[in-house]
file data32.cif (mmCIF, C-alpha atoms and all ligand atoms)
data_target
loop_
_atom_site.label_atom_id
_atom_site.label_comp_id
_atom_site.auth_asym_id
_atom_site.auth_seq_id
_atom_site.Cartn_x
_atom_site.Cartn_y
_atom_site.Cartn_z
CA MET R 119 80.17 122.87 95.80
CA THR R 120 77.27 121.76 98.02
CA THR R 121 74.70 119.54 96.34
CA PRO R 122 71.40 117.99 97.44
CA PRO R 123 71.23 114.25 98.22
CA THR R 124 71.22 111.94 95.18
CA SER R 125 68.22 109.66 94.50
CA LEU R 126 70.34 106.76 95.75
CA GLU R 127 70.85 108.52 99.09
CA ARG R 128 67.17 109.36 99.40
CA ASN R 129 66.08 105.78 98.69
CA ALA R 130 68.58 103.85 100.81
CA PRO R 131 66.99 103.30 104.24
CA ARG R 132 70.26 102.82 106.07
CA GLY R 133 73.63 103.96 104.89
CA ALA R 134 77.23 103.90 106.07
CA ARG R 135 79.22 107.06 106.64
CA ILE R 136 82.77 107.92 107.59
CA VAL R 137 82.52 109.47 111.05
CA GLY R 138 86.21 109.93 111.82
CA THR R 139 89.65 109.96 110.17
CA GLY R 140 93.18 109.63 111.52
CA SER R 141 96.73 108.96 110.37
CA ASP R 142 100.23 108.32 111.62
CA LEU R 143 103.49 108.96 109.81
CA PRO R 144 107.01 108.17 111.00
CA GLU R 145 109.27 111.13 111.75
CA GLU R 146 112.24 110.06 109.64
CA ILE R 147 112.16 111.65 106.19
CA ARG R 148 114.29 109.98 103.50
CA THR R 149 114.60 112.28 100.50
CA ASN R 150 115.51 111.36 96.94
CA HIS R 151 118.86 113.09 97.56
CA ASP R 152 119.45 110.78 100.56
CA LEU R 153 118.91 107.76 98.29
CA THR R 154 121.53 108.95 95.80
CA ARG R 155 124.22 108.32 98.44
CA THR R 156 123.81 104.55 98.12
CA LEU R 157 121.93 104.07 94.83
CA ASP R 158 122.60 104.84 91.18
CA THR R 159 119.61 107.18 90.89
CA SER R 160 118.79 110.89 90.92
CA ASP R 161 116.19 113.26 92.32
CA GLU R 162 115.38 114.28 88.76
CA TRP R 163 114.71 110.66 87.62
CA ILE R 164 112.51 109.82 90.60
CA ARG R 165 110.53 113.07 90.46
CA SER R 166 109.98 113.07 86.72
CA ARG R 167 108.98 109.35 86.55
CA THR R 168 106.87 109.20 89.71
CA GLY R 169 106.25 112.61 91.34
CA ILE R 170 107.88 111.38 94.55
CA GLY R 171 110.33 113.63 96.43
CA ALA R 172 110.61 111.89 99.81
CA ARG R 173 109.20 109.08 101.91
CA ARG R 174 108.83 108.38 105.64
CA ILE R 175 110.73 105.50 107.27
CA ALA R 176 109.54 103.85 110.48
CA GLY R 177 111.92 103.84 113.44
CA LYS R 178 113.60 100.52 114.36
CA GLY R 179 111.36 99.98 117.38
CA ASP R 180 108.11 100.73 115.56
CA LYS R 181 105.86 97.93 114.35
CA THR R 182 102.89 97.92 111.98
CA SER R 183 100.49 97.51 114.91
CA ASP R 184 101.97 100.60 116.65
CA MET R 185 101.31 102.83 113.65
CA ALA R 186 97.88 101.24 113.09
CA ARG R 187 96.93 101.86 116.71
CA ARG R 188 97.99 105.53 116.63
CA ALA R 189 96.08 106.20 113.39
CA ALA R 190 93.04 104.34 114.79
CA GLN R 191 93.10 106.30 118.05
CA ARG R 192 93.10 109.58 116.12
CA ALA R 193 90.21 108.39 113.96
CA LEU R 194 88.23 107.30 117.04
CA GLU R 195 88.99 110.62 118.75
CA SER R 196 87.74 112.61 115.77
CA ALA R 197 84.58 110.46 115.74
CA GLY R 198 84.03 111.01 119.48
CA LEU R 199 84.17 107.23 120.05
CA THR R 200 86.39 104.73 121.89
CA GLY R 201 87.60 101.23 121.06
CA ARG R 202 84.67 99.82 123.04
CA ASP R 203 82.22 101.26 120.49
CA LEU R 204 83.65 99.14 117.65
CA ASP R 205 81.94 96.04 116.26
CA MET R 206 84.62 95.21 113.69
CA ILE R 207 88.28 96.07 113.08
CA VAL R 208 89.72 95.57 109.60
CA VAL R 209 93.45 96.10 109.12
CA ALA R 210 94.44 96.20 105.45
CA THR R 211 98.15 95.40 105.24
CA VAL R 212 100.73 93.26 103.48
CA THR R 213 103.32 94.00 106.16
CA PRO R 214 101.78 92.56 109.35
CA ASP R 215 103.83 92.46 112.57
CA ARG R 216 103.99 88.67 112.15
CA PRO R 217 102.39 86.05 109.83
CA LEU R 218 100.16 85.28 112.81
CA PRO R 219 98.34 86.43 114.87
CA SER R 220 96.68 89.10 112.76
CA THR R 221 97.81 92.69 113.29
CA ALA R 222 94.12 93.47 113.77
CA SER R 223 94.08 91.26 116.91
CA LEU R 224 96.98 93.28 118.34
CA VAL R 225 95.20 96.55 117.51
CA HIS R 226 91.97 95.16 119.03
CA HIS R 227 93.77 94.55 122.32
CA GLN R 228 95.57 97.91 122.32
CA LEU R 229 92.32 99.80 121.67
CA GLY R 230 90.49 97.94 124.44
CA ALA R 231 87.85 96.66 122.02
CA ARG R 232 85.08 94.36 123.29
CA ILE R 233 85.40 90.57 123.03
CA ASP R 234 82.42 90.50 120.62
CA CYS R 235 84.18 92.93 118.24
CA ALA R 236 85.56 91.03 115.23
CA ALA R 237 89.12 91.78 114.06
CA PHE R 238 91.10 90.49 111.10
CA ASP R 239 93.69 91.48 108.50
CA LEU R 240 92.74 92.05 104.89
CA ALA R 241 95.27 91.24 102.16
CA ALA R 242 94.46 93.17 98.99
CA ALA R 243 97.74 95.13 98.87
CA CYS R 244 97.33 98.73 97.67
CA GLY R 245 93.65 98.04 96.98
CA GLY R 246 93.14 97.03 100.63
CA PHE R 247 91.58 100.25 101.88
CA CYS R 248 88.85 100.24 99.20
CA TYR R 249 88.18 96.56 99.95
CA GLY R 250 87.90 97.43 103.65
CA LEU R 251 85.46 100.26 102.94
CA SER R 252 83.26 98.01 100.83
CA LEU R 253 83.16 95.39 103.56
CA ALA R 254 82.43 97.94 106.29
CA ARG R 255 79.65 99.44 104.20
CA ALA R 256 77.99 96.03 103.72
CA GLN R 257 78.26 95.23 107.44
CA ILE R 258 76.72 98.56 108.44
CA GLU R 259 74.04 98.73 105.74
CA SER R 260 72.89 95.19 106.55
CA GLY R 261 72.68 96.09 110.24
CA MET R 262 75.28 93.45 111.21
CA ALA R 263 77.64 96.07 112.63
CA ARG R 264 77.25 99.62 113.89
CA HIS R 265 80.79 100.92 114.01
CA VAL R 266 83.64 99.54 111.89
CA LEU R 267 87.27 100.65 111.98
CA VAL R 268 89.18 100.33 108.71
CA VAL R 269 92.93 100.85 108.89
CA GLY R 270 95.39 100.89 105.97
CA VAL R 271 98.93 100.47 107.26
CA GLU R 272 102.27 99.50 105.74
CA LEU R 273 105.90 99.30 106.77
CA LEU R 274 107.10 98.73 103.24
CA SER R 275 110.63 99.84 104.16
CA ARG R 276 110.97 96.40 105.82
CA ILE R 277 110.19 94.39 102.66
CA VAL R 278 111.88 96.41 99.90
CA ASP R 279 115.36 95.68 98.65
CA TRP R 280 117.28 98.88 99.35
CA THR R 281 119.74 97.98 96.57
CA ASP R 282 116.98 97.70 93.90
CA ARG R 283 116.50 101.18 92.48
CA GLY R 284 113.50 100.00 90.43
CA THR R 285 111.39 99.47 93.58
CA CYS R 286 112.87 100.99 96.76
CA VAL R 287 112.58 104.59 95.55
CA LEU R 288 108.80 104.23 95.28
CA PHE R 289 107.65 103.09 98.68
CA GLY R 290 107.23 104.57 102.17
CA ASP R 291 105.77 103.78 105.59
CA GLY R 292 102.55 105.13 107.13
CA ALA R 293 99.10 104.41 108.51
CA GLY R 294 95.66 105.88 107.90
CA ALA R 295 92.32 104.97 109.44
CA VAL R 296 88.63 105.72 109.22
CA VAL R 297 85.73 104.85 111.51
CA LEU R 298 82.41 104.16 109.82
CA GLY R 299 79.00 104.27 111.38
CA PRO R 300 75.33 104.11 110.32
CA THR R 301 73.28 106.99 108.94
CA GLU R 302 69.68 107.25 107.87
CA SER R 303 70.03 110.69 106.35
CA SER R 304 72.29 112.46 103.92
CA ALA R 305 74.71 113.31 106.77
CA GLY R 306 78.28 113.95 105.69
CA GLY R 307 80.72 111.17 104.90
CA ARG R 308 78.12 108.83 103.39
CA LEU R 309 79.45 106.06 101.12
CA LEU R 310 77.40 106.26 97.93
CA SER R 311 79.09 103.37 96.14
CA THR R 312 81.96 100.92 96.25
CA ALA R 313 83.32 98.91 93.31
CA LEU R 314 86.00 96.20 93.39
CA GLY R 315 87.84 93.89 91.00
CA VAL R 316 90.90 91.72 90.32
CA ASP R 317 92.86 90.72 87.23
CA GLY R 318 94.44 87.51 88.48
CA SER R 319 96.41 87.03 85.25
CA LEU R 320 98.81 89.72 86.50
CA THR R 321 99.80 88.14 89.82
CA GLU R 322 103.48 87.91 88.81
CA SER R 323 103.81 91.60 88.02
CA LEU R 324 104.06 92.64 91.69
CA THR R 325 105.02 89.97 94.21
CA VAL R 326 107.13 88.73 97.11
CA LEU R 327 108.24 85.29 96.00
CA ALA R 328 109.41 83.68 99.23
CA GLY R 329 108.16 83.48 102.79
CA GLY R 330 104.81 81.82 102.02
CA SER R 331 103.79 78.17 101.55
CA GLU R 332 105.14 78.07 98.00
CA GLU R 333 108.68 78.94 99.05
CA PRO R 334 109.08 78.89 102.81
CA THR R 335 111.82 81.16 104.17
CA SER R 336 115.24 79.48 104.10
CA ALA R 337 118.85 80.61 104.17
CA GLU R 338 118.77 80.31 100.39
CA THR R 339 115.64 82.44 99.83
CA VAL R 340 117.12 85.14 102.05
CA ALA R 341 120.54 84.99 100.37
CA SER R 342 118.90 85.39 96.95
CA GLY R 343 116.64 88.23 98.12
CA ARG R 344 113.42 86.41 97.25
CA HIS R 345 111.72 87.80 100.38
CA TYR R 346 111.80 91.31 98.87
CA VAL R 347 109.20 93.04 96.66
CA LYS R 348 109.68 92.37 92.94
CA MET R 349 107.83 94.42 90.37
CA ASN R 350 107.43 94.68 86.62
CA GLY R 351 106.82 98.45 86.72
CA GLN R 352 105.58 98.88 83.17
CA GLU R 353 103.04 96.05 83.47
CA VAL R 354 101.68 97.51 86.70
CA PHE R 355 101.64 101.00 85.19
CA LYS R 356 99.50 99.91 82.24
CA ALA R 357 97.15 97.88 84.45
CA ALA R 358 96.79 100.84 86.81
CA VAL R 359 95.77 103.29 84.09
CA ARG R 360 93.26 100.84 82.64
CA TYR R 361 91.67 99.42 85.78
CA LEU R 362 91.70 102.60 87.91
CA SER R 363 89.76 104.30 85.14
CA GLU R 364 87.36 101.35 84.73
CA VAL R 365 86.65 100.79 88.41
CA SER R 366 86.24 104.53 89.03
CA ALA R 367 83.73 104.76 86.18
CA ARG R 368 81.83 101.84 87.72
CA ALA R 369 81.76 103.50 91.16
CA LEU R 370 80.56 106.79 89.62
CA GLU R 371 77.80 105.04 87.72
CA GLN R 372 76.63 103.15 90.81
CA ALA R 373 76.57 106.40 92.78
CA GLY R 374 74.56 108.09 90.03
CA ILE R 375 77.17 110.84 89.65
CA THR R 376 79.11 112.01 86.62
CA ALA R 377 82.80 112.92 86.66
CA ASP R 378 81.79 116.62 86.65
CA GLY R 379 80.17 116.11 90.05
CA ILE R 380 83.41 114.99 91.70
CA ASP R 381 85.05 117.77 93.73
CA TRP R 382 88.11 115.77 94.83
CA VAL R 383 89.71 112.53 93.74
CA VAL R 384 91.63 111.09 96.69
CA PRO R 385 93.55 108.37 94.87
CA HIS R 386 96.08 105.74 95.85
CA GLN R 387 99.32 107.69 95.67
CA ALA R 388 101.51 105.51 93.44
CA ASN R 389 102.65 107.64 90.54
CA SER R 390 101.56 111.09 89.35
CA ARG R 391 101.86 110.04 85.69
CA ILE R 392 99.40 107.17 86.29
CA LEU R 393 97.01 109.58 87.99
CA GLU R 394 97.24 112.16 85.19
CA ALA R 395 96.32 109.44 82.68
CA VAL R 396 93.40 108.27 84.83
CA ALA R 397 92.15 111.85 85.33
CA SER R 398 92.26 112.44 81.59
CA ARG R 399 90.34 109.21 80.85
CA LEU R 400 87.67 110.08 83.41
CA GLY R 401 87.49 113.69 82.25
CA ILE R 402 88.45 115.10 85.66
CA PRO R 403 90.92 118.03 85.75
CA ASN R 404 94.30 117.27 87.39
CA GLU R 405 93.72 120.09 89.89
CA ARG R 406 90.94 118.02 91.46
CA MET R 407 93.39 115.25 92.43
CA PHE R 408 94.46 115.49 96.06
CA LEU R 409 98.12 114.45 95.96
CA ASN R 410 100.68 114.09 98.73
CA LEU R 411 102.95 111.47 97.17
CA GLU R 412 105.67 114.10 96.74
CA ARG R 413 106.16 113.92 100.53
CA TYR R 414 105.24 110.33 101.40
CA GLY R 415 105.75 108.15 98.30
CA ASN R 416 103.62 105.07 97.84
CA THR R 417 102.34 103.80 101.22
CA SER R 418 100.11 101.13 99.61
CA SER R 419 96.87 100.49 101.56
CA ALA R 420 97.63 103.49 103.81
CA SER R 421 97.85 106.10 101.07
CA ILE R 422 94.14 106.94 100.63
CA PRO R 423 93.28 107.22 104.35
CA ILE R 424 96.45 109.28 104.99
CA ALA R 425 95.55 111.65 102.15
CA LEU R 426 91.90 111.80 103.26
CA ASP R 427 92.86 112.64 106.83
CA GLU R 428 95.24 115.35 105.63
CA ALA R 429 92.67 116.86 103.26
CA VAL R 430 89.92 116.82 105.89
CA ARG R 431 92.02 118.26 108.72
CA SER R 432 93.47 121.00 106.50
CA GLY R 433 89.97 122.03 105.38
CA VAL R 434 90.60 121.21 101.71
CA ILE R 435 87.61 118.85 101.70
CA ARG R 436 84.41 120.59 102.73
CA PRO R 437 80.94 119.32 103.72
CA GLY R 438 78.70 118.46 100.80
CA GLN R 439 81.56 117.78 98.38
CA HIS R 440 81.74 114.53 96.44
CA LEU R 441 84.92 112.45 96.67
CA LEU R 442 86.21 109.60 94.55
CA PHE R 443 88.70 107.11 96.01
CA CYS R 444 90.51 104.68 93.69
CA ALA R 445 93.37 102.24 94.22
CA LEU R 446 95.21 99.38 92.51
CA GLY R 447 98.07 97.15 93.55
CA ALA R 448 99.38 93.57 93.71
CA GLY R 449 96.88 90.96 92.62
CA VAL R 450 96.24 93.03 90.64
CA ALA R 451 93.40 94.03 92.98
CA PHE R 452 91.64 97.32 92.54
CA GLY R 453 88.75 99.28 93.98
CA ALA R 454 86.98 102.62 94.06
CA ALA R 455 84.40 104.40 96.20
CA VAL R 456 82.30 107.55 95.97
CA VAL R 457 81.62 109.49 99.16
CA ARG R 458 79.48 112.55 99.84
CA TRP R 459 81.40 114.47 102.50
O1 LIG H 501 101.10 100.73 94.18
C1 LIG H 501 100.93 100.12 92.95
C2 LIG H 501 102.18 99.51 92.51
N1 LIG H 501 103.11 100.23 91.80
C3 LIG H 501 102.92 101.12 90.79
O2 LIG H 501 101.88 101.64 90.52
C4 LIG H 501 104.12 101.42 89.98
C5 LIG H 501 103.82 101.38 88.51
N2 LIG H 501 105.02 101.59 87.67
C6 LIG H 501 105.71 102.74 87.70
O3 LIG H 501 105.39 103.66 88.43
C7 LIG H 501 106.87 102.88 86.73
O4 LIG H 501 106.91 101.78 85.87
C8 LIG H 501 108.24 103.03 87.45
C9 LIG H 501 108.32 104.39 88.11
C10 LIG H 501 108.42 101.93 88.48
C11 LIG H 501 109.38 102.93 86.44
O5 LIG H 501 109.22 103.93 85.43
P1 LIG H 501 109.37 103.54 83.90
O6 LIG H 501 109.23 104.78 83.13
O7 LIG H 501 108.43 102.41 83.63
O8 LIG H 501 110.88 103.07 83.85
P2 LIG H 501 111.49 101.66 83.36
O9 LIG H 501 111.22 100.59 84.38
O10 LIG H 501 111.10 101.41 81.96
O11 LIG H 501 113.04 101.98 83.39
C12 LIG H 501 113.60 102.95 82.50
C13 LIG H 501 115.08 103.07 82.81
C14 LIG H 501 115.81 101.74 82.91
O12 LIG H 501 117.11 101.92 82.38
P3 LIG H 501 117.46 101.45 80.87
O13 LIG H 501 117.16 99.99 80.84
O14 LIG H 501 116.53 102.25 79.99
O15 LIG H 501 118.89 101.80 80.74
C15 LIG H 501 115.91 101.48 84.39
O16 LIG H 501 117.02 100.67 84.73
O17 LIG H 501 115.25 103.68 84.10
C16 LIG H 501 116.10 102.88 84.90
N3 LIG H 501 115.71 103.07 86.30
C17 LIG H 501 116.20 104.05 87.07
N4 LIG H 501 117.08 105.03 86.83
C18 LIG H 501 117.36 105.87 87.83
C19 LIG H 501 114.82 102.33 87.02
N5 LIG H 501 114.75 102.82 88.26
C20 LIG H 501 115.59 103.89 88.32
C21 LIG H 501 115.93 104.79 89.32
N6 LIG H 501 116.82 105.78 89.05
N7 LIG H 501 115.39 104.75 90.57
#

call {"tool": "encode", "arguments": {"input": "data32.cif", "output": "C-alpha cells"}}
result
Amino acid sequence: MTTPPTSLERNAPRGARIVGTGSDLPEEIRTNHDLTRTLDTSDEWIRSRTGIGARRIAGKGDKTSDMARRAAQRALESAGLTGRDLDMIVVATVTPDRPLPSTASLVHHQLGARIDCAAFDLAAACGGFCYGLSLARAQIESGMARHVLVVGVELLSRIVDWTDRGTCVLFGDGAGAVVLGPTESSAGGRLLSTALGVDGSLTESLTVLAGGSEEPTSAETVASGRHYVKMNGQEVFKAAVRYLSEVSARALEQAGITADGIDWVVPHQANSRILEAVASRLGIPNERMFLNLERYGNTSSASIPIALDEAVRSGVIRPGQHLLFCALGAGVAFGAAVVRW
C-alpha cells in the first residue's frame, strides 16, 4: 500500500530517515531439540509457550563489538556511507565486551569514525533500539547530527544460566544496525514518531543481581549464580502486553496514523503469544506481524533491527509502507516508533 505523506511529514521542515540497515548472526544454531539433551524441557513446550524453535550462539572468539561492527558495516554499505560520515554511534546493549570502555568506543575505532563523532552505549535492555532511534531522530531533527548509527547487539548466551530452563530457552545472540540521516521530503524510511516509557516499579522482574555496584562480583556471587539473568516470566509477560499496546498506540497517535494504516509491525521478538495479544489490542491482524523469533529467539535490543534488515532485504517491506516498531524489556523500559518506508 503506497500512501501520500501525512500532514506531520508535510509540516516538519527537517526529518530523520533510516538510510541503511544491516545485521549479523552467529553461524551456530542451537535448536530446542539440542537443549533437551541437557535440560528438562521439550520442543513442544518451548514452541507452544513462546514460538521459538532455535537460537544462534556466538562462537567462543566472538565479542559483542565484533558482531556490532559487522552489522554496522553492512548498514553503512547499504546506505552508501563509511564510518567517516558518522556524527554519532549509539550501541544499545546489556552485554558489552567489558564494563568499560563502552562497546561503542570499540566500534568507533573499528569503523574508522572521526574523532568528533560521539560514541556511547545505551542501556535500556530490549527497549534499547527504540530508545536509540528516538535519540538519533532528535539529534538529526535538531540539526546537531547528520548521520547517526544505531546498533542493537546482544550476546545473551554469555549471561544466561544454561541450567535454568525458565530463561535460557528464550534468548539468542545477534546484532542489527541502522544508519539514520536527514531528509526534508517524504523520502523513504522517515521516522514519523517515537514514544518511550518506563515502569520502574517492575525492576525486579527481569534482572542480573550481581556484578554491579550493589553486589560486586565475588567468588560467592559467582558460586550462587547471581551474575546470571533472573526473570519472573509472568510479570514480564503481563507488563509486555499492557505497555507494548499502550506505547504503540501513543506512537500511532503522534504519527497521525490509525492501526489500519500499518502495513507491518516489526516488533521485539520475545514471545509470539505476547505479540498476538498486542496485535489484538491494537486491532492489527496477526499476519501483519513480521516474525523471525522461530529461528533466532529473543535477541533483546538486536531483535527489531535484525528483523527489519531481513524484511527489507527479502523485499517483504516495500517503499511507501508504514511500519510500527515496539519493544519492552528489563526496567521495564519500553518504546515504539512509526516509520514510513
Ligand atoms: O524480552 C523481554 C523479556 N522477556 C519476555 O518477554 C518473556 C515474558 N514471559 C514469557 O514469555 C513467559 O512467561 C515464559 C515463556 C517465560 C514462561 O511461560 P509461562 O506460560 O508464563 O510459564 P510459567 O513460568 O508459568 O511456567 C509453567 C510451568 C512451570 O511448571 P509447574 O510449576 O507448572 O510445574 C515451569 O516450571 O512450565 C515450567 N517450565 C518449563 N517446562 C518445560 C518453565 N520453563 C520450562 C521449559 N520447559 N523450558

call {"tool": "residues_near_ligand", "arguments": {"input": "data32.cif", "ligand": "ligand LIG 501 (chain H)", "cutoff": "7 Å", "atoms": "all atoms listed in the file", "output": "PyMOL selection string"}}
result
chain R and resi 158-160+163-164+167-168+244+283-285+287+351-352+354-355+358+388-389+416+418+446-448

call {"tool": "residues_near_point", "arguments": {"input": "data32.cif", "point": "(94.4, 104.6, 80.1)", "cutoff": "10 Å", "atoms": "only C-alpha atoms", "output": "PyMOL selection string"}}
result
chain R and resi 355-364+392-400

call {"tool": "residues_around", "arguments": {"input": "data32.cif", "residues": "stretch 423-432 of chain R", "least_positions_apart": "2", "cutoff": "6 Å", "atoms": "all atoms listed in the file", "output": "list in words"}}
result
Thr139, Gly140, Ser141, Gly294, Ala295, Ala420, Ser421, Val434 and Ile435 of chain R

call {"tool": "write_last_selection", "arguments": {"input": "data32.cif", "atoms": "C-alpha atoms", "output": "short mmCIF file (atom, residue, chain, number, x, y, z; two decimals), in the coordinates of the input"}}
result
data_model
loop_
_atom_site.label_atom_id
_atom_site.label_comp_id
_atom_site.auth_asym_id
_atom_site.auth_seq_id
_atom_site.Cartn_x
_atom_site.Cartn_y
_atom_site.Cartn_z
CA THR R 139 89.65 109.96 110.17
CA GLY R 140 93.18 109.63 111.52
CA SER R 141 96.73 108.96 110.37
CA GLY R 294 95.66 105.88 107.90
CA ALA R 295 92.32 104.97 109.44
CA ALA R 420 97.63 103.49 103.81
CA SER R 421 97.85 106.10 101.07
CA VAL R 434 90.60 121.21 101.71
CA ILE R 435 87.61 118.85 101.70
#

call {"tool": "closest_residue", "arguments": {"input": "data32.cif", "among": "R:Met407, R:Val456, R:Ala313, R:Ala337", "to": "R:Trp382", "atoms": "only C-alpha atoms"}}
result
R:Met407

call {"tool": "atom_distance", "arguments": {"input": "data32.cif", "atom1": "atom CA of R:Gly315", "atom2": "atom CA of R:Gly299"}}
result
24.5 Å

call {"tool": "residues_near_point", "arguments": {"input": "data32.cif", "point": "(95.2, 94.3, 95.9)", "cutoff": "8 Å", "atoms": "all atoms listed in the file", "output": "number ranges by chain"}}
result
R: 241-246, 316, 446-452

call {"tool": "closest_residue", "arguments": {"input": "data32.cif", "among": "R:Gly307, R:Pro219, R:Gly290, R:Pro403", "to": "R:Glu146", "atoms": "only C-alpha atoms"}}
result
R:Gly290

call {"tool": "closest_residue", "arguments": {"input": "data32.cif", "among": "R:Gly306, R:Tyr346, R:Phe443, R:Val340", "to": "R:Ala369", "atoms": "all atoms listed in the file"}}
result
R:Phe443

call {"tool": "atom_distance", "arguments": {"input": "data32.cif", "atom1": "atom CA of R:Asp378", "atom2": "atom CA of R:His440"}}
result
10.0 Å

call {"tool": "atom_distance", "arguments": {"input": "data32.cif", "atom1": "atom CA of R:Leu441", "atom2": "atom CA of R:Ile402"}}
result
11.9 Å

call {"tool": "closest_residue", "arguments": {"input": "data32.cif", "among": "R:Gly179, R:Gly133, R:Gly171, R:Gly230", "to": "R:Arg264", "atoms": "only C-alpha atoms"}}
result
R:Gly133

call {"tool": "residues_around", "arguments": {"input": "data32.cif", "residues": "R:Met185", "least_positions_apart": "3", "cutoff": "10 Å", "atoms": "all atoms listed in the file", "output": "ChimeraX atom specification"}}
result
/R:141-144,176,180-182,188-191,225,269-273,291-294
